[in-house]
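Novice: The structure follows.
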Amino acid sequence: MRRDEANVLIGDISCLFGTLLLEDRLAWLQSAGHSIVFTTSLGIEDQVVTDALVSALPSARIVTLDTLRLFDETVDLIEETEARYGISIERFLPEPSAVDQFVATYGMNGFYESVEARHACCGIRKVEPLGRALAGADIWITGLRRGQSAARGSVPFAEWDADRELLKINPLADMTLEDIRIRVAERSIPVNPLHLRGYPSIGCAPCTRAIKPGEDERAGRWWWERDEQRECGLHVAGAASALPAA
C-alpha cells in the first residue's frame with residue numbers, strides 16, 4: 001500500500017470508527033479491497049476480534065506466532081478456536097537455526113539474564129516470524145487497546161507502520177477490559193483459562209506471570225525487567241530492522 005493512500009484511510013478511520021460497532025469497523029475494511037492479515041496471540045482481545053472477523057471480514061487471513069514456548073492452554077485454544085469457527089489459523093514458527101544460535105549464545109533461558117538476551121529471543125521467536133506472516137499484506141489488524149498499559153495509552157484506530165510499509169488497524173483501541181469481558185460472556189467466545197487465574201495478558205510461558213492487585217494488565221510480562229515500557233518488539237518501531245542479519 002502506498003503511504004498517501006494509507007493516509008487517506010487513516011483519516012477516514014479516525015473519523016468513523018468511534019461511532020461504529022466492532023463488526024461495522026471490520027466490515028468497513030472489507031470495502032477497501034486490500035490484502036488483510038490479523039495476528040492473534042489467542043488472548044481475550046484477539047478472541048473477540050476473531051469472533052467478529054468470521055462474519056464481518058471473512059477475507060482476512062488469521063495467523064498466530066507459535067514461539068514454541070507457549071502455555072499448553074494457549075496451544076489447546078488454537079485448535080478449539082479453529083473448531084468453533086470452522087477456520088484455519090496459520091502458524092508461523094521461529095527459524096530453527098536462529099533458535100539454535102540463541103541457545104548457543106545465551107542458553108535456553110538466557111532471556112532472564114539481560115535485556116539484550118530477552119530482546120534477541122523475542123526477535124527470533126516473534127518479530128522475524130511476524131515479518132513472514134505479514135509479507136504481501138496491505139493491512140495488519142491487531143488486538144491492541146489503550147487500557148492495556150501506560151505504554152499503549154495513546155494507541156490510535158489506525159497508523160502507518162513504516163517498518164513494514166502497511167496500514168496497521170487497532171479496532172479495539174477504545175474498548176475497556178470490561179467491554180471485552182461483556183462481549184465474551186454475551187457471545188460465549190472461547191478464551192484462555194489462564195485469564196481466570198490472574199493472567200490478563202498472556203505470552204510465552206517462561207515470560208508471563210499472574211498480575212498482583214493494582215498492577216496494570218501487562219505487568220506480568222517480562223516482570224523481572226524494570227522498564228515500564230517493556231514490549232516484545234512486535235509493536236515497536238525499528239524492532240524489525242534491529243534483527244541480526246541471517
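Scheme for the C-alpha cells: letters A, B, ... for chains in order shown; per-chain residue numbers from 1; ligand numbers from 1 in order shown.
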Please identify all polymer residues within 10 Å of range 105-107 of chain A, counting only C-alpha atoms, omitting same-chain residues fewer than 3 positions from it, and present them as a PyMOL selection string.
Specialist: chain A and resi 99-102+110-114+116-118+120-121
Novice: Let's have the selection written as a short mmCIF file (atom, residue, chain, number, x, y, z; two decimals), in the first residue's frame, with C-alpha atoms.
Specialist:
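Final file, again33.cif:
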```cif
data_model
loop_
_atom_site.label_atom_id
_atom_site.label_comp_id
_atom_site.auth_asym_id
_atom_site.auth_seq_id
_atom_site.Cartn_x
_atom_site.Cartn_y
_atom_site.Cartn_z
CA VAL A 99 16.82 -20.66 17.92
CA ASP A 100 19.89 -22.91 17.99
CA GLN A 101 22.16 -19.87 17.71
CA PHE A 102 20.35 -18.12 20.56
CA GLY A 110 19.17 -16.68 28.87
CA PHE A 111 16.49 -14.01 28.46
CA TYR A 112 16.31 -13.77 32.26
CA GLU A 113 19.94 -12.62 32.41
CA SER A 114 19.86 -9.45 30.31
CA GLU A 116 19.80 -7.78 25.32
CA ALA A 117 19.19 -11.52 25.51
CA ARG A 118 15.46 -11.07 26.02
CA ALA A 120 17.17 -11.28 20.98
CA CYS A 121 14.79 -14.07 21.97
#
```
Novice: When DSSP works through the backbone of this structure, what residues of range 39-139 of chain A end up as alpha helix (DSSP H), shown as a VMD selection string?
Specialist: chain A and resid 44 to 56 72 to 85 96 to 106 115 to 122 128 to 133
Novice: Any chance you can output those residues with C-alpha atoms as a compact mmCIF listing (two decimals), in the first residue's frame?
Specialist:
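Saved as part_34.txt:
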```
# COMPACT_ATOMS: atom_id res chain seq x y z
CA ILE A 44 -9.05 -12.38 25.26
CA GLU A 45 -8.89 -9.31 22.99
CA ASP A 46 -7.76 -11.33 20.00
CA GLN A 47 -10.50 -13.89 20.58
CA VAL A 48 -13.05 -11.07 20.42
CA VAL A 49 -11.56 -9.88 17.13
CA THR A 50 -11.58 -13.41 15.71
CA ASP A 51 -15.23 -13.85 16.67
CA ALA A 52 -16.15 -10.63 14.82
CA LEU A 53 -13.89 -11.26 11.80
CA VAL A 54 -15.53 -14.56 10.92
CA SER A 55 -18.76 -12.81 9.94
CA ALA A 56 -17.69 -9.23 9.27
CA ASP A 72 -0.25 -25.54 26.86
CA GLU A 73 -3.56 -23.73 27.41
CA THR A 74 -2.75 -21.37 24.53
CA VAL A 75 -1.84 -24.19 22.17
CA ASP A 76 -5.08 -26.01 23.04
CA LEU A 77 -7.08 -22.83 22.42
CA ILE A 78 -5.79 -22.59 18.84
CA GLU A 79 -7.46 -25.88 17.98
CA GLU A 80 -10.58 -25.08 19.99
CA THR A 81 -10.97 -21.77 18.15
CA GLU A 82 -10.49 -23.38 14.75
CA ALA A 83 -13.16 -25.96 15.56
CA ARG A 84 -15.57 -23.41 16.99
CA TYR A 85 -15.49 -21.08 13.98
CA PRO A 96 15.31 -23.48 13.92
CA SER A 97 18.83 -22.27 13.11
CA ALA A 98 18.14 -18.92 14.79
CA VAL A 99 16.82 -20.66 17.92
CA ASP A 100 19.89 -22.91 17.99
CA GLN A 101 22.16 -19.87 17.71
CA PHE A 102 20.35 -18.12 20.56
CA VAL A 103 20.70 -21.16 22.82
CA ALA A 104 24.39 -21.48 21.95
CA THR A 105 24.97 -17.80 22.77
CA TYR A 106 22.73 -17.19 25.77
CA VAL A 115 17.58 -7.17 28.34
CA GLU A 116 19.80 -7.78 25.32
CA ALA A 117 19.19 -11.52 25.51
CA ARG A 118 15.46 -11.07 26.02
CA HIS A 119 15.18 -8.76 23.03
CA ALA A 120 17.17 -11.28 20.98
CA CYS A 121 14.79 -14.07 21.97
CA CYS A 122 11.69 -12.01 21.16
CA GLU A 128 11.09 -12.25 12.50
CA PRO A 129 8.12 -14.66 12.15
CA LEU A 130 5.78 -11.66 12.13
CA GLY A 131 7.64 -10.31 9.12
CA ARG A 132 6.96 -13.54 7.27
CA ALA A 133 3.32 -13.57 8.39
```
Novice: Quick one: everything within 7 Å of Thr67 in chain A, counting only C-alpha atoms, minus sequence neighbours fewer than 3 positions away in the same chain. Send it as a list of chain:residue names.
Specialist: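 Once the nearby chain positions are removed, what remains is A:Leu70, A:Leu93, A:Pro94, A:Arg125, A:Lys126.
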Novice: Quick one: pull the distance between CA of Ser188 in chain A and CA of Arg218 in chain A, Å, one decimal.
Specialist: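 Spanning CA of Ser188 in chain A to CA of Arg218 in chain A is a straight-line distance of 24.2 Å.
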Novice: Which of these, A:Leu166, A:Val191, A:Leu65, A:Ile180, has the shortest distance to Gly203 in chain A once you count only C-alpha atoms?
Specialist: A:Leu65
Novice: DSSP on the backbone: what in range 18-223 of chain A comes out strand (DSSP E), as number ranges by chain?
Specialist: A: 36-39, 61-65, 90-92, 139-141, 158-161, 166-169
Novice: Using only C-alpha atoms, find the one residue out of A:Arg197, A:Arg164, A:Arg209, A:Arg25 that sits nearest to Ala135 in chain A.
Specialist: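 Closest to Ala135 in chain A of all the choices is A:Arg164.
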Novice: Report as a ChimeraX atom specification all protein, DNA and RNA residues lying within 9 Å of Ala158 in chain A, evaluated on only C-alpha atoms, omitting residues in the same chain fewer than 2 positions from it.
Specialist: /A:9-11,13-14,155-156,160,167-171
Novice: So that I can see what lies close to Arg221 in chain A, please list as number ranges by chain the residues with an atom at most 12 Å from it, counting only C-alpha atoms and leaving out residues fewer than 5 positions away in the same chain.
Specialist: A: 118, 148-149, 199-211, 215-216, 226-232
Novice: Could you please determine the separation between CA of Arg183 in chain A and CA of Pro213 in chain A in Å, to one decimal place?
Specialist: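 These two atoms are separated by 23.7 Å.
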Novice: How many Å lie between CA of Ile182 in chain A and CA of Glu90 in chain A, rounded to one decimal?
Specialist: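 It comes out at 27.6 Å.
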